[in-house]
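Raw contents of work-v2.pdb, PDB, C-alpha atoms:
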ATOM      1  CA  MET A   1       4.809   9.732  -6.177
ATOM      2  CA  LYS A   2       5.180  10.976  -9.719
ATOM      3  CA  LEU A   3       2.087   9.078 -10.846
ATOM      4  CA  GLU A   4      -1.227  10.911 -10.844
ATOM      5  CA  LYS A   5      -3.381   7.865 -11.618
ATOM      6  CA  PRO A   6      -3.007   4.072 -11.801
ATOM      7  CA  VAL A   7      -0.890   2.854 -14.709
ATOM      8  CA  THR A   8       0.146  -0.642 -15.724
ATOM      9  CA  GLY A   9       2.925  -1.822 -13.428
ATOM     10  CA  GLY A  10       2.366   0.893 -10.845
ATOM     11  CA  PRO A  11       0.492   0.899  -7.544
ATOM     12  CA  CYS A  12      -3.252   1.194  -8.005
ATOM     13  CA  TRP A  13      -4.845   0.480  -4.638
ATOM     14  CA  ALA A  14      -4.265   0.138  -0.894
ATOM     15  CA  GLU A  15      -6.438  -2.223   1.121
ATOM     16  CA  LEU A  16      -6.591  -2.791   4.863
ATOM     17  CA  GLY A  17      -7.341  -6.257   6.190
ATOM     18  CA  THR A  18      -8.706  -5.701   9.692
ATOM     19  CA  SER A  19     -10.144  -7.670  12.600
ATOM     20  CA  ASP A  20     -12.628  -4.889  13.436
ATOM     21  CA  LEU A  21     -14.139  -3.223  10.405
ATOM     22  CA  ALA A  22     -16.319  -0.799  12.371
ATOM     23  CA  ALA A  23     -13.367   0.380  14.465
ATOM     24  CA  ALA A  24     -11.248   0.831  11.338
ATOM     25  CA  GLU A  25     -13.976   2.932   9.726
ATOM     26  CA  ARG A  26     -14.112   5.200  12.790
ATOM     27  CA  PHE A  27     -10.338   5.578  13.041
ATOM     28  CA  TYR A  28      -9.571   6.329   9.392
ATOM     29  CA  THR A  29     -12.612   8.564   8.981
ATOM     30  CA  GLU A  30     -11.384  10.676  11.893
ATOM     31  CA  LEU A  31      -7.830  10.634  10.551
ATOM     32  CA  PHE A  32      -8.350  11.279   6.841
ATOM     33  CA  GLY A  33     -11.972  12.355   6.502
ATOM     34  CA  TRP A  34     -12.818   9.282   4.440
ATOM     35  CA  ARG A  35     -16.406   8.451   3.551
ATOM     36  CA  PRO A  36     -16.799   4.647   3.759
ATOM     37  CA  GLU A  37     -19.295   2.773   1.593
ATOM     38  CA  THR A  38     -19.815  -0.934   2.269
ATOM     39  CA  ASP A  39     -20.683  -3.219  -0.650
ATOM     40  CA  PRO A  40     -24.159  -4.564   0.229
ATOM     41  CA  ARG A  41     -23.728  -7.844  -1.653
ATOM     42  CA  GLN A  42     -23.428 -10.791   0.724
ATOM     43  CA  GLU A  43     -20.659 -12.343  -1.335
ATOM     44  CA  SER A  44     -18.546  -9.198  -0.822
ATOM     45  CA  GLY A  45     -18.233 -10.004   2.870
ATOM     46  CA  GLY A  46     -18.425  -6.416   4.098
ATOM     47  CA  TYR A  47     -15.822  -5.009   1.722
ATOM     48  CA  THR A  48     -15.812  -1.250   2.249
ATOM     49  CA  VAL A  49     -14.470   1.376  -0.137
ATOM     50  CA  ALA A  50     -13.326   4.697   1.325
ATOM     51  CA  HIS A  51     -13.971   7.868  -0.658
ATOM     52  CA  LEU A  52     -12.818  11.451  -0.629
ATOM     53  CA  GLY A  53     -15.415  13.416  -2.522
ATOM     54  CA  ASP A  54     -16.362  11.227  -5.473
ATOM     55  CA  ALA A  55     -12.964   9.482  -5.647
ATOM     56  CA  ALA A  56     -12.407   5.970  -4.307
ATOM     57  CA  VAL A  57      -9.091   6.109  -2.444
ATOM     58  CA  ALA A  58      -8.652   2.895  -0.409
ATOM     59  CA  ALA A  59     -10.488  -0.105   1.005
ATOM     60  CA  LEU A  60     -11.206  -1.629   4.391
ATOM     61  CA  ALA A  61     -11.951  -5.339   4.462
ATOM     62  CA  PRO A  62     -12.541  -8.022   7.082
ATOM     63  CA  LEU A  63     -10.013 -10.832   7.423
ATOM     64  CA  HIS A  64     -10.988 -13.762   5.215
ATOM     65  CA  GLN A  65      -8.401 -16.442   6.012
ATOM     66  CA  GLU A  66      -7.181 -18.043   9.216
ATOM     67  CA  GLY A  67      -3.827 -16.602  10.206
ATOM     68  CA  GLN A  68      -4.215 -13.551   7.967
ATOM     69  CA  PRO A  69      -2.493 -10.624   9.683
ATOM     70  CA  VAL A  70      -4.086  -7.267  10.350
ATOM     71  CA  ALA A  71      -2.186  -5.201   7.795
ATOM     72  CA  TRP A  72      -2.295  -2.783   4.921
ATOM     73  CA  ASN A  73      -1.795  -4.332   1.478
ATOM     74  CA  VAL A  74      -0.629  -2.714  -1.754
ATOM     75  CA  ALA A  75      -1.918  -3.686  -5.201
ATOM     76  CA  PHE A  76      -0.180  -3.163  -8.547
ATOM     77  CA  SER A  77      -2.014  -2.833 -11.847
ATOM     78  CA  VAL A  78      -1.454  -5.465 -14.563
ATOM     79  CA  ASN A  79      -2.872  -5.950 -18.033
ATOM     80  CA  ASP A  80      -3.332  -9.713 -17.636
ATOM     81  CA  ALA A  81      -3.616 -11.223 -14.158
ATOM     82  CA  ASP A  82      -3.024 -14.771 -15.377
ATOM     83  CA  ALA A  83       0.114 -13.852 -17.307
ATOM     84  CA  ALA A  84       1.349 -11.821 -14.330
ATOM     85  CA  ALA A  85       0.768 -14.807 -12.037
ATOM     86  CA  GLU A  86       2.894 -16.976 -14.309
ATOM     87  CA  ALA A  87       5.581 -14.296 -14.328
ATOM     88  CA  VAL A  88       5.572 -14.290 -10.508
ATOM     89  CA  ARG A  89       6.095 -18.053 -10.411
ATOM     90  CA  ALA A  90       8.815 -17.967 -13.049
ATOM     91  CA  ALA A  91      10.697 -15.229 -11.180
ATOM     92  CA  GLY A  92      10.705 -17.142  -7.886
ATOM     93  CA  GLY A  93       7.592 -15.785  -6.175
ATOM     94  CA  THR A  94       4.569 -17.719  -4.969
ATOM     95  CA  LEU A  95       0.799 -17.287  -5.303
ATOM     96  CA  ILE A  96      -1.470 -17.502  -2.276
ATOM     97  CA  LEU A  97      -4.793 -16.491  -3.861
ATOM     98  CA  GLY A  98      -6.154 -16.304  -7.390
ATOM     99  CA  PRO A  99      -6.196 -15.156 -10.044
ATOM    100  CA  LEU A 100      -9.941 -14.790  -9.520
ATOM    101  CA  ASP A 101     -12.674 -12.497 -10.786
ATOM    102  CA  ILE A 102     -14.133  -9.874  -8.436
ATOM    103  CA  HIS A 103     -17.631  -9.339  -9.853
ATOM    104  CA  ASP A 104     -17.193  -7.197 -12.991
ATOM    105  CA  ALA A 105     -14.626  -4.923 -11.341
ATOM    106  CA  GLY A 106     -11.471  -6.820 -12.266
ATOM    107  CA  ARG A 107      -9.285  -9.861 -11.735
ATOM    108  CA  PHE A 108      -7.303 -10.222  -8.518
ATOM    109  CA  THR A 109      -4.214 -12.082  -7.297
ATOM    110  CA  VAL A 110      -2.300 -12.193  -4.016
ATOM    111  CA  ALA A 111       1.365 -13.143  -4.292
ATOM    112  CA  VAL A 112       4.526 -13.264  -2.186
ATOM    113  CA  ASP A 113       7.921 -12.118  -3.434
ATOM    114  CA  PRO A 114      11.112 -14.191  -2.889
ATOM    115  CA  GLY A 115      11.887 -12.136   0.219
ATOM    116  CA  GLY A 116       8.565 -12.980   1.845
ATOM    117  CA  ALA A 117       6.588  -9.750   1.267
ATOM    118  CA  ALA A 118       2.971 -10.159   0.192
ATOM    119  CA  PHE A 119       1.483  -7.940  -2.505
ATOM    120  CA  GLN A 120      -1.563  -7.865  -4.748
ATOM    121  CA  MET A 121      -2.051  -7.626  -8.498
ATOM    122  CA  TRP A 122      -5.135  -6.142 -10.097
ATOM    123  CA  GLN A 123      -6.297  -6.485 -13.683
ATOM    124  CA  PRO A 124      -8.855  -3.676 -14.024
ATOM    125  CA  ARG A 125     -12.148  -4.067 -15.800
ATOM    126  CA  GLY A 126     -14.895  -1.893 -14.368
ATOM    127  CA  PHE A 127     -12.719  -0.529 -11.560
ATOM    128  CA  PRO A 128      -9.259   0.909 -12.365
ATOM    129  CA  GLY A 129      -8.163   1.544  -8.771
ATOM    130  CA  ALA A 130      -7.695   4.706  -6.764
ATOM    131  CA  GLY A 131      -9.293   7.769  -8.296
ATOM    132  CA  LEU A 132      -6.849  10.145  -6.647
ATOM    133  CA  PHE A 133      -3.176  10.050  -5.653
ATOM    134  CA  ASN A 134      -0.953  12.454  -3.706
ATOM    135  CA  ALA A 135      -3.745  14.610  -2.266
ATOM    136  CA  PRO A 136      -4.248  14.758   1.525
ATOM    137  CA  GLY A 137      -5.849  11.513   2.674
ATOM    138  CA  THR A 138      -4.815   9.534  -0.401
ATOM    139  CA  LEU A 139      -2.024   7.152  -1.325
ATOM    140  CA  GLY A 140       1.192   8.959  -2.247
ATOM    141  CA  TRP A 141       4.045   6.448  -1.866
ATOM    142  CA  VAL A 142       4.625   2.729  -1.318
ATOM    143  CA  GLU A 143       7.662   1.198   0.330
ATOM    144  CA  LEU A 144       9.021  -2.331   0.434
ATOM    145  CA  LEU A 145      10.870  -3.368   3.584
ATOM    146  CA  THR A 146      12.912  -6.480   2.855
ATOM    147  CA  ARG A 147      15.850  -8.597   4.002
ATOM    148  CA  ALA A 148      16.660  -9.713   0.444
ATOM    149  CA  PRO A 149      17.155  -6.499  -1.566
ATOM    150  CA  ASP A 150      19.151  -7.954  -4.454
ATOM    151  CA  ARG A 151      16.832 -10.891  -4.955
ATOM    152  CA  VAL A 152      13.641  -8.844  -4.854
ATOM    153  CA  THR A 153      15.064  -6.157  -7.136
ATOM    154  CA  ASP A 154      15.573  -8.832  -9.784
ATOM    155  CA  PHE A 155      12.089 -10.176  -9.064
ATOM    156  CA  TYR A 156      10.133  -6.930  -9.390
ATOM    157  CA  THR A 157      12.035  -5.637 -12.403
ATOM    158  CA  THR A 158      11.372  -8.972 -14.117
ATOM    159  CA  VAL A 159       7.674  -9.181 -13.205
ATOM    160  CA  PHE A 160       6.689  -5.515 -13.640
ATOM    161  CA  GLY A 161       9.528  -3.967 -15.643
ATOM    162  CA  TRP A 162      10.142  -1.282 -13.030
ATOM    163  CA  SER A 163      12.894   1.264 -13.386
ATOM    164  CA  VAL A 164      15.327   1.348 -10.462
ATOM    165  CA  ASN A 165      16.953   4.440  -9.004
ATOM    166  CA  PRO A 166      19.431   3.167  -6.382
ATOM    167  CA  SER A 167      21.450   5.019  -3.777
ATOM    168  CA  GLU A 168      23.608   3.926  -0.852
ATOM    169  CA  TYR A 169      20.691   3.861   1.605
ATOM    170  CA  TYR A 170      17.501   3.758  -0.421
ATOM    171  CA  THR A 171      16.287   2.432  -3.756
ATOM    172  CA  GLN A 172      13.383   4.048  -5.597
ATOM    173  CA  TRP A 173      11.044   2.184  -7.941
ATOM    174  CA  GLY A 174       9.464   3.714 -11.015
ATOM    175  CA  VAL A 175       7.388   3.069 -14.101
ATOM    176  CA  ALA A 176       9.336   4.390 -17.078
ATOM    177  CA  GLY A 177      11.316   6.567 -14.669
ATOM    178  CA  ALA A 178       8.271   7.997 -12.825
ATOM    179  CA  ASP A 179       9.092   7.061  -9.232
ATOM    180  CA  PHE A 180       6.218   5.790  -7.096
ATOM    181  CA  GLY A 181       7.919   4.001  -4.224
ATOM    182  CA  GLY A 182      11.057   2.693  -2.671
ATOM    183  CA  MET A 183      12.836  -0.155  -0.919
ATOM    184  CA  MET A 184      14.498  -0.249   2.473
ATOM    185  CA  THR A 185      16.694  -3.087   3.707
ATOM    186  CA  MET A 186      15.596  -4.456   7.064
ATOM    187  CA  GLY A 187      18.646  -4.463   9.315
ATOM    188  CA  ASP A 188      19.281  -5.391  12.938
ATOM    189  CA  ARG A 189      16.863  -2.782  14.291
ATOM    190  CA  PHE A 190      13.970  -4.872  12.950
ATOM    191  CA  PRO A 191      13.069  -7.808  15.227
ATOM    192  CA  PRO A 192      13.440 -11.145  13.418
ATOM    193  CA  GLU A 193       9.741 -11.891  13.816
ATOM    194  CA  VAL A 194       8.805  -8.840  11.703
ATOM    195  CA  PRO A 195       8.313 -10.139   8.140
ATOM    196  CA  SER A 196       9.189  -8.366   4.929
ATOM    197  CA  HIS A 197       6.243  -6.241   3.878
ATOM    198  CA  TRP A 198       4.889  -3.461   1.694
ATOM    199  CA  LEU A 199       3.946  -0.242   3.475
ATOM    200  CA  PRO A 200       1.608   2.463   2.089
ATOM    201  CA  TYR A 201       2.183   6.149   2.816
ATOM    202  CA  PHE A 202      -0.743   8.563   2.757
ATOM    203  CA  ALA A 203      -0.313  12.271   2.045
ATOM    204  CA  VAL A 204      -1.364  14.715   4.771
ATOM    205  CA  GLU A 205      -1.237  18.489   5.201
ATOM    206  CA  ASP A 206       0.631  18.351   8.525
ATOM    207  CA  VAL A 207       2.438  15.218   9.728
ATOM    208  CA  ASP A 208       2.801  16.388  13.325
ATOM    209  CA  ALA A 209      -0.857  17.340  13.667
ATOM    210  CA  MET A 210      -1.982  14.084  12.054
ATOM    211  CA  ALA A 211       0.188  12.003  14.380
ATOM    212  CA  SER A 212      -1.530  13.727  17.286
ATOM    213  CA  VAL A 213      -4.961  12.997  15.797
ATOM    214  CA  ALA A 214      -3.995   9.324  15.386
ATOM    215  CA  THR A 215      -3.025   8.915  19.026
ATOM    216  CA  GLY A 216      -6.188  10.699  20.140
ATOM    217  CA  ALA A 217      -8.236   8.273  18.036
ATOM    218  CA  GLY A 218      -6.654   5.218  19.650
ATOM    219  CA  GLY A 219      -3.659   4.674  17.387
ATOM    220  CA  SER A 220       0.026   4.905  18.264
ATOM    221  CA  ILE A 221       3.229   6.342  16.825
ATOM    222  CA  LEU A 222       5.943   3.903  15.746
ATOM    223  CA  MET A 223       8.271   6.544  14.323
ATOM    224  CA  GLU A 224       7.948  10.131  15.476
ATOM    225  CA  PRO A 225       7.556  12.816  12.803
ATOM    226  CA  THR A 226      10.918  13.129  11.071
ATOM    227  CA  SER A 227      12.249  15.496   8.417
ATOM    228  CA  LEU A 228      14.085  13.973   5.454
ATOM    229  CA  PRO A 229      16.510  15.564   2.995
ATOM    230  CA  GLY A 230      14.592  17.516   0.379
ATOM    231  CA  GLY A 231      11.959  18.810   2.776
ATOM    232  CA  ARG A 232       9.701  15.783   3.113
ATOM    233  CA  ARG A 233       8.389  14.995   6.608
ATOM    234  CA  ILE A 234       7.192  11.505   7.535
ATOM    235  CA  ALA A 235       5.915   9.426  10.435
ATOM    236  CA  LEU A 236       4.933   5.792  10.935
ATOM    237  CA  LEU A 237       1.675   5.064  12.717
ATOM    238  CA  LYS A 238      -0.193   2.012  13.978
ATOM    239  CA  ASP A 239      -3.974   1.869  13.999
ATOM    240  CA  PRO A 240      -5.924   0.530  17.012
ATOM    241  CA  GLU A 241      -5.974  -3.018  15.582
ATOM    242  CA  GLY A 242      -2.229  -3.057  14.843
ATOM    243  CA  ALA A 243      -1.962  -2.204  11.128
ATOM    244  CA  ILE A 244       1.076  -0.056  10.283
ATOM    245  CA  PHE A 245       1.089   2.731   7.705
ATOM    246  CA  GLY A 246       3.027   5.870   6.922
ATOM    247  CA  ILE A 247       2.058   9.506   6.505
ATOM    248  CA  TYR A 248       4.046  12.226   4.798
ATOM    249  CA  THR A 249       4.012  15.861   3.822
ATOM    250  CA  ALA A 250       5.850  16.872   0.653
ATOM    251  CA  PRO A 251       7.650  20.228   0.346
ATOM    252  CA  GLU A 252       5.471  22.991  -1.067
ATOM    253  CA  GLU A 253       7.284  23.222  -4.402
ATOM    254  CA  SER A 254       6.678  19.530  -5.147
ATOM    255  CA  ARG A 255       2.929  19.995  -4.539
ATOM    256  CA  ALA A 256       2.580  22.872  -6.973
TER     257      ALA A 256
END

Exercise: express the given structure as structure tokens:
Amino acid sequence: MKLEKPVTGGPCWAELGTSDLAAAERFYTELFGWRPETDPRQESGGYTVAHLGDAAVAALAPLHQEGQPVAWNVAFSVNDADAAAEAVRAAGGTLILGPLDIHDAGRFTVAVDPGGAAFQMWQPRGFPGAGLFNAPGTLGWVELLTRAPDRVTDFYTTVFGWSVNPSEYYTQWGVAGADFGGMMTMGDRFPPEVPSHWLPYFAVEDVDAMASVATGAGGSILMEPTSLPGGRRIALLKDPEGAIFGIYTAPEESRA
């Protein structure tokens, strides 16, 4: 992505909701070299922040609600969580949690867009979000998979003011033209039971090698390493508990 740090309207955090926190820590530590730190406060419920060096890069959290899927979630930064929640409602989305305060770190909301994809909104106070983007083992792209592309384009541009860079096959989202993610229409190759969803991509040095590490650690490959126009190489992986995420390697010139 063309963002180097969280900005208002852009992605600021990726959080895994998992049925086995200890197994998730082992898997992602082996994959990305993360250093997990669990919040010791009882009210935090085992919430664990993953670090690379001194930078917080993602979170692992136990499931808190009945029926909550094992999945990665993407959060977007907002200046005012309550105003953003009202904007979601007015644009045709729904709220499923919050807004609520998370200690002194910030104010948090979980919402669903008109196409059925869940996402989070974060009003930062003491915690701005990820301390590092685009480096190996950190968030570098977010992608919406949806069956309602026109409706959700109107929704997200209304709620967040995103810029839109469309093409015949893929739409890219941006903040003031700085692209951070994209949108793919879910066609017939997606089973009907697969819901619309946001998907995080993490940067890696070598997609093929990392896919091999993932399978050795108990994960699986949903999409084999694939080269895209422009030199980017990607793969889709599933962790041992079933959460899906992407990995990618950017061409050398874009990493300079």

Hey, what's within 7 Å of Val159 in chain A if we count all atoms listed in the file and toss same-chain stuff fewer than 3 positions away? As a count of residues only, please?
5

How close does range 70-149 of chain A get to range 51-60 of chain A? List, as a Markdown table, each residue of range 70-149 of chain A within 6 Å, its nearest atom pair and the distance in Å to one decimal, counting only C-alpha atoms.
| residue | atom | partner | partner_atom | distance |
| --- | --- | --- | --- | --- |
| A:Ala130 | CA | A:Val57 | CA | 4.8 |
| A:Gly131 | CA | A:Ala55 | CA | 4.8 |
| A:Thr138 | CA | A:Val57 | CA | 5.8 |

Could you tell me which residues the PyMOL selection byres ((chain A and resi 233) around 8) grabs in this file, written as a tab-separated table (two decimals) with C-alpha atoms, keeping the file's coordinate frame?
chain	number	residue	atom	x	y	z
A	207	VAL	CA	2.44	15.22	9.73
A	225	PRO	CA	7.56	12.82	12.80
A	226	THR	CA	10.92	13.13	11.07
A	227	SER	CA	12.25	15.50	8.42
A	228	LEU	CA	14.08	13.97	5.45
A	231	GLY	CA	11.96	18.81	2.78
A	232	ARG	CA	9.70	15.78	3.11
A	234	ILE	CA	7.19	11.50	7.54
A	235	ALA	CA	5.92	9.43	10.44
A	248	TYR	CA	4.05	12.23	4.80
A	249	THR	CA	4.01	15.86	3.82
A	250	ALA	CA	5.85	16.87	0.65

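Our summary of the geometry notes that CA of Pro229 in chain A is positioned 18.6 Å from CA of Phe202 in chain A.
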
Can you measure CA of Gly218 in chain A to CA of Leu236 in chain A for me? One decimal in Å is fine.
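Separation between CA of Gly218 in chain A and CA of Leu236 in chain A: 14.5 Å.
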
Shell around Thr8 in chain A at 9 Å using all atoms listed in the file, local window under 6 positions removed, as a list of chain:residue names
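After dropping sequence-adjacent residues, the list is A:Phe76, A:Ser77, A:Val78, A:Asn79, A:Gln123, A:Phe160, A:Val175.
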
Convert the current residue selection to file output with C-alpha atoms, as an mmCIF file, keeping the file's coordinate frame.
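The result, stored in result_23.cif:
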data_model
loop_
_atom_site.group_PDB
_atom_site.id
_atom_site.type_symbol
_atom_site.label_atom_id
_atom_site.label_comp_id
_atom_site.auth_asym_id
_atom_site.auth_seq_id
_atom_site.Cartn_x
_atom_site.Cartn_y
_atom_site.Cartn_z
ATOM 1 C CA PHE A 76 -0.180 -3.163 -8.547
ATOM 2 C CA SER A 77 -2.014 -2.833 -11.847
ATOM 3 C CA VAL A 78 -1.454 -5.465 -14.563
ATOM 4 C CA ASN A 79 -2.872 -5.950 -18.033
ATOM 5 C CA GLN A 123 -6.297 -6.485 -13.683
ATOM 6 C CA PHE A 160 6.689 -5.515 -13.640
ATOM 7 C CA VAL A 175 7.388 3.069 -14.101
#

From the list A:Phe108, A:Phe133, A:Phe119, A:Phe245, which residue is nearest Pro200 in chain A when using only C-alpha atoms?
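Of A:Phe108, A:Phe133, A:Phe119, A:Phe245, the one nearest Pro200 in chain A is A:Phe245, counting only C-alpha atoms.
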
Evaluate the PyMOL selection byres ((chain A and resi 181) around 7) on the structure here and hand back the selected residues as a ChimeraX atom specification.
/A:1,141-143,172-174,179-180,182

Give me the residues within 12 Å of Gln65 in chain A as JSON, numbers by chain, counting all atoms listed in the file and dropping any in the same chain fewer than 5 places off.
{"A": [17, 18, 19, 70, 96, 97]}
